[in-house]
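Novice: PDB, C-alpha atoms, saved as input_12.pdb, coming up:
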MODEL        1
ATOM      1  CA  ARG A  17      20.640  44.879 123.493
ATOM      2  CA  GLY A  18      21.049  48.406 122.165
ATOM      3  CA  SER A  19      24.321  48.913 123.980
ATOM      4  CA  LEU A  20      25.683  45.676 122.481
ATOM      5  CA  VAL A  21      24.870  46.886 118.974
ATOM      6  CA  GLY A  22      26.488  50.227 119.751
ATOM      7  CA  LEU A  23      29.579  48.481 121.067
ATOM      8  CA  LEU A  24      29.849  46.318 117.942
ATOM      9  CA  VAL A  25      29.435  49.343 115.672
ATOM     10  CA  ALA A  26      32.093  51.259 117.609
ATOM     11  CA  TRP A  27      34.420  48.251 117.472
ATOM     12  CA  GLY A  28      33.892  47.936 113.711
ATOM     13  CA  ALA A  29      34.531  51.646 113.167
ATOM     14  CA  ALA A  30      37.696  51.482 115.283
ATOM     15  CA  SER A  31      38.876  48.454 113.274
ATOM     16  CA  VAL A  32      38.355  50.276 109.981
ATOM     17  CA  LEU A  33      40.153  53.344 111.322
ATOM     18  CA  ALA A  34      43.074  51.203 112.520
ATOM     19  CA  ALA A  35      43.299  49.482 109.131
ATOM     20  CA  CYS A  36      43.384  52.875 107.398
ATOM     21  CA  ALA A  37      46.147  54.063 109.729
ATOM     22  CA  VAL A  38      48.222  50.946 109.018
ATOM     23  CA  TRP A  39      47.731  51.388 105.267
ATOM     24  CA  TRP A  40      48.769  55.051 105.463
ATOM     25  CA  LEU A  41      51.854  54.254 107.544
ATOM     26  CA  TRP A  42      52.832  51.546 105.093
ATOM     27  CA  ARG A  43      52.596  53.902 102.108
ATOM     28  CA  ALA A  44      54.227  56.844 103.861
ATOM     29  CA  LEU A  45      57.055  55.100 105.721
ATOM     30  CA  ILE A  46      57.634  51.464 104.976
ATOM     31  CA  GLY A  47      57.328  51.681 101.191
ATOM     32  CA  PRO A  48      59.983  54.396 100.739
ATOM     33  CA  LEU A  49      62.295  52.734 103.259
ATOM     34  CA  ARG A  50      61.975  49.453 101.404
ATOM     35  CA  ALA A  51      62.787  51.223  98.116
ATOM     36  CA  VAL A  52      65.991  52.686  99.578
ATOM     37  CA  THR A  53      66.923  49.337 101.139
ATOM     38  CA  ASP A  54      66.383  47.490  97.853
ATOM     39  CA  ALA A  55      68.413  50.132  96.028
ATOM     40  CA  ALA A  56      71.255  49.831  98.547
ATOM     41  CA  VAL A  57      71.340  46.069  98.002
ATOM     42  CA  ALA A  58      71.405  46.601  94.228
ATOM     43  CA  VAL A  59      74.252  49.136  94.487
ATOM     44  CA  GLY A  60      76.143  46.714  96.681
ATOM     45  CA  ALA A  61      75.752  44.134  93.908
ATOM     46  CA  GLY A  62      77.173  46.591  91.369
ATOM     47  CA  ASN A  63      74.039  48.110  89.835
ATOM     48  CA  LEU A  64      74.807  51.823  89.980
ATOM     49  CA  GLU A  65      72.103  52.831  87.485
ATOM     50  CA  LEU A  66      69.340  52.685  90.065
ATOM     51  CA  VAL A  67      67.479  55.871  90.998
ATOM     52  CA  VAL A  68      65.341  55.984  94.135
ATOM     53  CA  PRO A  69      62.088  57.915  93.636
ATOM     54  CA  GLY A  70      61.440  60.719  96.056
ATOM     55  CA  GLY A  71      63.256  63.905  96.807
ATOM     56  CA  GLY A  72      60.798  65.723  99.049
ATOM     57  CA  ASN A  73      61.729  67.943 101.964
ATOM     58  CA  ASP A  74      61.043  65.349 104.645
ATOM     59  CA  GLU A  75      63.656  62.961 106.002
ATOM     60  CA  LEU A  76      62.738  60.177 103.594
ATOM     61  CA  GLY A  77      63.016  62.558 100.655
ATOM     62  CA  ARG A  78      66.388  63.771 101.838
ATOM     63  CA  LEU A  79      67.525  60.161 102.258
ATOM     64  CA  ALA A  80      66.437  59.330  98.703
ATOM     65  CA  GLY A  81      68.231  62.406  97.379
ATOM     66  CA  ALA A  82      71.427  61.564  99.266
ATOM     67  CA  PHE A  83      71.283  57.994  97.994
ATOM     68  CA  ASN A  84      70.849  59.160  94.403
ATOM     69  CA  ASP A  85      73.784  61.576  94.801
ATOM     70  CA  MET A  86      75.928  58.756  96.167
ATOM     71  CA  ALA A  87      75.023  56.453  93.260
ATOM     72  CA  ARG A  88      75.755  59.237  90.765
ATOM     73  CA  LYS A  89      79.195  59.830  92.302
ATOM     74  CA  LEU A  90      79.956  56.109  92.302
ATOM     75  CA  ARG A  91      79.021  55.948  88.607
ATOM     76  CA  ALA A  92      81.410  58.833  87.937
ATOM     77  CA  TYR A  93      84.216  57.118  89.889
ATOM     78  CA  ARG A  94      83.629  53.876  88.014
ATOM     79  CA  GLN A  95      84.100  55.651  84.687
TER
ENDMDL
END
Take the structure in the file and give it back as structure tokens.
Specialist:
Amino acid sequence: RGSLVGLLVAWGAASVLAACAVWWLWRALIGPLRAVTDAAVAVGAGNLELVVPGGGNDELGRLAGAFNDMARKLRAYRQ
């Protein structure tokens, strides 16, 4: 009986840990990628005023910075 309780507690703790990992991955990866994707769709529709938040030193930050530079250059070409 004690080992069953221990197993259930370990399973619950592992489930909470897995949920935290999924939440962290969502905030760290999927959210910024979705922001860049949504911005790309908006630029494709003609909205060049969009600015993607970010700009860190990681790959997602560099992607956001490159996207913002591209949108800025397109605005300049449009004028």
Novice: Could you pull the residues within 10 Å of A:Ala87, counting only C-alpha atoms, minus those fewer than 6 positions along the same chain, as a compact mmCIF listing (two decimals) with C-alpha atoms, keeping the file's coordinate frame?
Specialist:
# COMPACT_ATOMS: atom_id res chain seq x y z
CA ALA A 55 68.41 50.13 96.03
CA ALA A 56 71.26 49.83 98.55
CA VAL A 59 74.25 49.14 94.49
CA ASN A 63 74.04 48.11 89.84
CA LEU A 64 74.81 51.82 89.98
CA GLU A 65 72.10 52.83 87.48
CA LEU A 66 69.34 52.68 90.06
CA VAL A 67 67.48 55.87 91.00
CA VAL A 68 65.34 55.98 94.14
CA GLY A 81 68.23 62.41 97.38
CA TYR A 93 84.22 57.12 89.89
Novice: With the PyMOL selection byres ((chain A and resi 33-47) around 12) as the selection, what would be picked from this file? Answer as JSON, numbers by chain, please.
Specialist: {"A": [26, 27, 28, 29, 30, 31, 32, 48, 49, 50, 51, 52, 53, 54, 68, 69, 70, 74, 75, 76, 77]}
Novice: Mind pulling up the distance from atom CA of A:Gly60 to atom CA of A:Asn73?
Specialist: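 Computing the Euclidean distance for atom CA of A:Asn73 and atom CA of A:Gly60 yields 26.2 Å.
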Novice: Using atom CA of A:Phe83 and atom CA of A:Val57 as the two end points, give the distance in Å to one decimal.
Specialist: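 Answer for the atom CA of A:Phe83 to atom CA of A:Val57 separation: 11.9 Å.
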Novice: Just so I have it separately, write stretch 21-44 of chain A from the block I sent, keeping N, CA, C and O atoms, as a short mmCIF file (atom, residue, chain, number, x, y, z; two decimals), in the first residue's frame.
Specialist:
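That gives us selection16.cif:
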data_model
loop_
_atom_site.label_atom_id
_atom_site.label_comp_id
_atom_site.auth_asym_id
_atom_site.auth_seq_id
_atom_site.Cartn_x
_atom_site.Cartn_y
_atom_site.Cartn_z
N VAL A 21 1.11 4.46 -2.89
CA VAL A 21 1.02 5.89 -2.58
C VAL A 21 2.26 6.61 -3.10
O VAL A 21 2.18 7.68 -3.71
N GLY A 22 3.42 6.01 -2.90
CA GLY A 22 4.65 6.60 -3.40
C GLY A 22 4.65 6.72 -4.91
O GLY A 22 5.08 7.74 -5.47
N LEU A 23 4.15 5.70 -5.58
CA LEU A 23 4.06 5.73 -7.04
C LEU A 23 3.11 6.83 -7.51
O LEU A 23 3.42 7.56 -8.45
N LEU A 24 1.98 6.98 -6.85
CA LEU A 24 1.03 8.02 -7.23
C LEU A 24 1.60 9.42 -6.98
O LEU A 24 1.40 10.33 -7.80
N VAL A 25 2.32 9.59 -5.89
CA VAL A 25 2.94 10.88 -5.60
C VAL A 25 4.01 11.19 -6.65
O VAL A 25 4.09 12.32 -7.17
N ALA A 26 4.82 10.20 -6.99
CA ALA A 26 5.85 10.40 -8.01
C ALA A 26 5.22 10.70 -9.36
O ALA A 26 5.69 11.58 -10.09
N TRP A 27 4.14 10.02 -9.70
CA TRP A 27 3.46 10.27 -10.96
C TRP A 27 2.88 11.69 -10.99
O TRP A 27 2.98 12.40 -12.00
N GLY A 28 2.30 12.12 -9.88
CA GLY A 28 1.76 13.48 -9.79
C GLY A 28 2.85 14.53 -9.92
O GLY A 28 2.68 15.53 -10.62
N ALA A 29 3.98 14.30 -9.24
CA ALA A 29 5.09 15.25 -9.33
C ALA A 29 5.64 15.30 -10.75
O ALA A 29 5.95 16.39 -11.27
N ALA A 30 5.76 14.16 -11.40
CA ALA A 30 6.25 14.13 -12.78
C ALA A 30 5.27 14.84 -13.71
O ALA A 30 5.69 15.54 -14.65
N SER A 31 3.97 14.72 -13.46
CA SER A 31 2.97 15.39 -14.28
C SER A 31 3.07 16.90 -14.13
O SER A 31 2.99 17.64 -15.11
N VAL A 32 3.25 17.36 -12.90
CA VAL A 32 3.40 18.80 -12.66
C VAL A 32 4.68 19.31 -13.33
O VAL A 32 4.68 20.37 -13.96
N LEU A 33 5.75 18.58 -13.21
CA LEU A 33 7.01 18.97 -13.84
C LEU A 33 6.87 19.02 -15.36
O LEU A 33 7.36 19.96 -16.01
N ALA A 34 6.20 18.05 -15.94
CA ALA A 34 5.98 18.04 -17.39
C ALA A 34 5.13 19.22 -17.82
O ALA A 34 5.40 19.86 -18.84
N ALA A 35 4.11 19.55 -17.05
CA ALA A 35 3.25 20.70 -17.37
C ALA A 35 4.05 22.00 -17.31
O ALA A 35 3.89 22.88 -18.16
N CYS A 36 4.93 22.12 -16.33
CA CYS A 36 5.78 23.31 -16.23
C CYS A 36 6.74 23.40 -17.42
O CYS A 36 6.96 24.49 -17.96
N ALA A 37 7.28 22.28 -17.85
CA ALA A 37 8.19 22.28 -19.00
C ALA A 37 7.45 22.69 -20.27
O ALA A 37 7.96 23.47 -21.08
N VAL A 38 6.24 22.21 -20.46
CA VAL A 38 5.44 22.58 -21.63
C VAL A 38 5.13 24.07 -21.59
O VAL A 38 5.25 24.76 -22.60
N TRP A 39 4.75 24.58 -20.44
CA TRP A 39 4.45 26.01 -20.30
C TRP A 39 5.68 26.84 -20.63
O TRP A 39 5.59 27.83 -21.35
N TRP A 40 6.83 26.44 -20.11
CA TRP A 40 8.07 27.19 -20.37
C TRP A 40 8.43 27.17 -21.86
O TRP A 40 8.79 28.19 -22.44
N LEU A 41 8.33 25.99 -22.48
CA LEU A 41 8.62 25.90 -23.91
C LEU A 41 7.67 26.77 -24.72
O LEU A 41 8.07 27.41 -25.69
N TRP A 42 6.42 26.79 -24.34
CA TRP A 42 5.44 27.61 -25.05
C TRP A 42 5.83 29.08 -24.98
O TRP A 42 5.84 29.77 -25.98
N ARG A 43 6.16 29.56 -23.79
CA ARG A 43 6.52 30.97 -23.62
C ARG A 43 7.84 31.30 -24.30
O ARG A 43 8.00 32.37 -24.85
N ALA A 44 8.79 30.39 -24.25
CA ALA A 44 10.13 30.68 -24.75
C ALA A 44 10.26 30.48 -26.25
O ALA A 44 11.05 31.18 -26.90
#
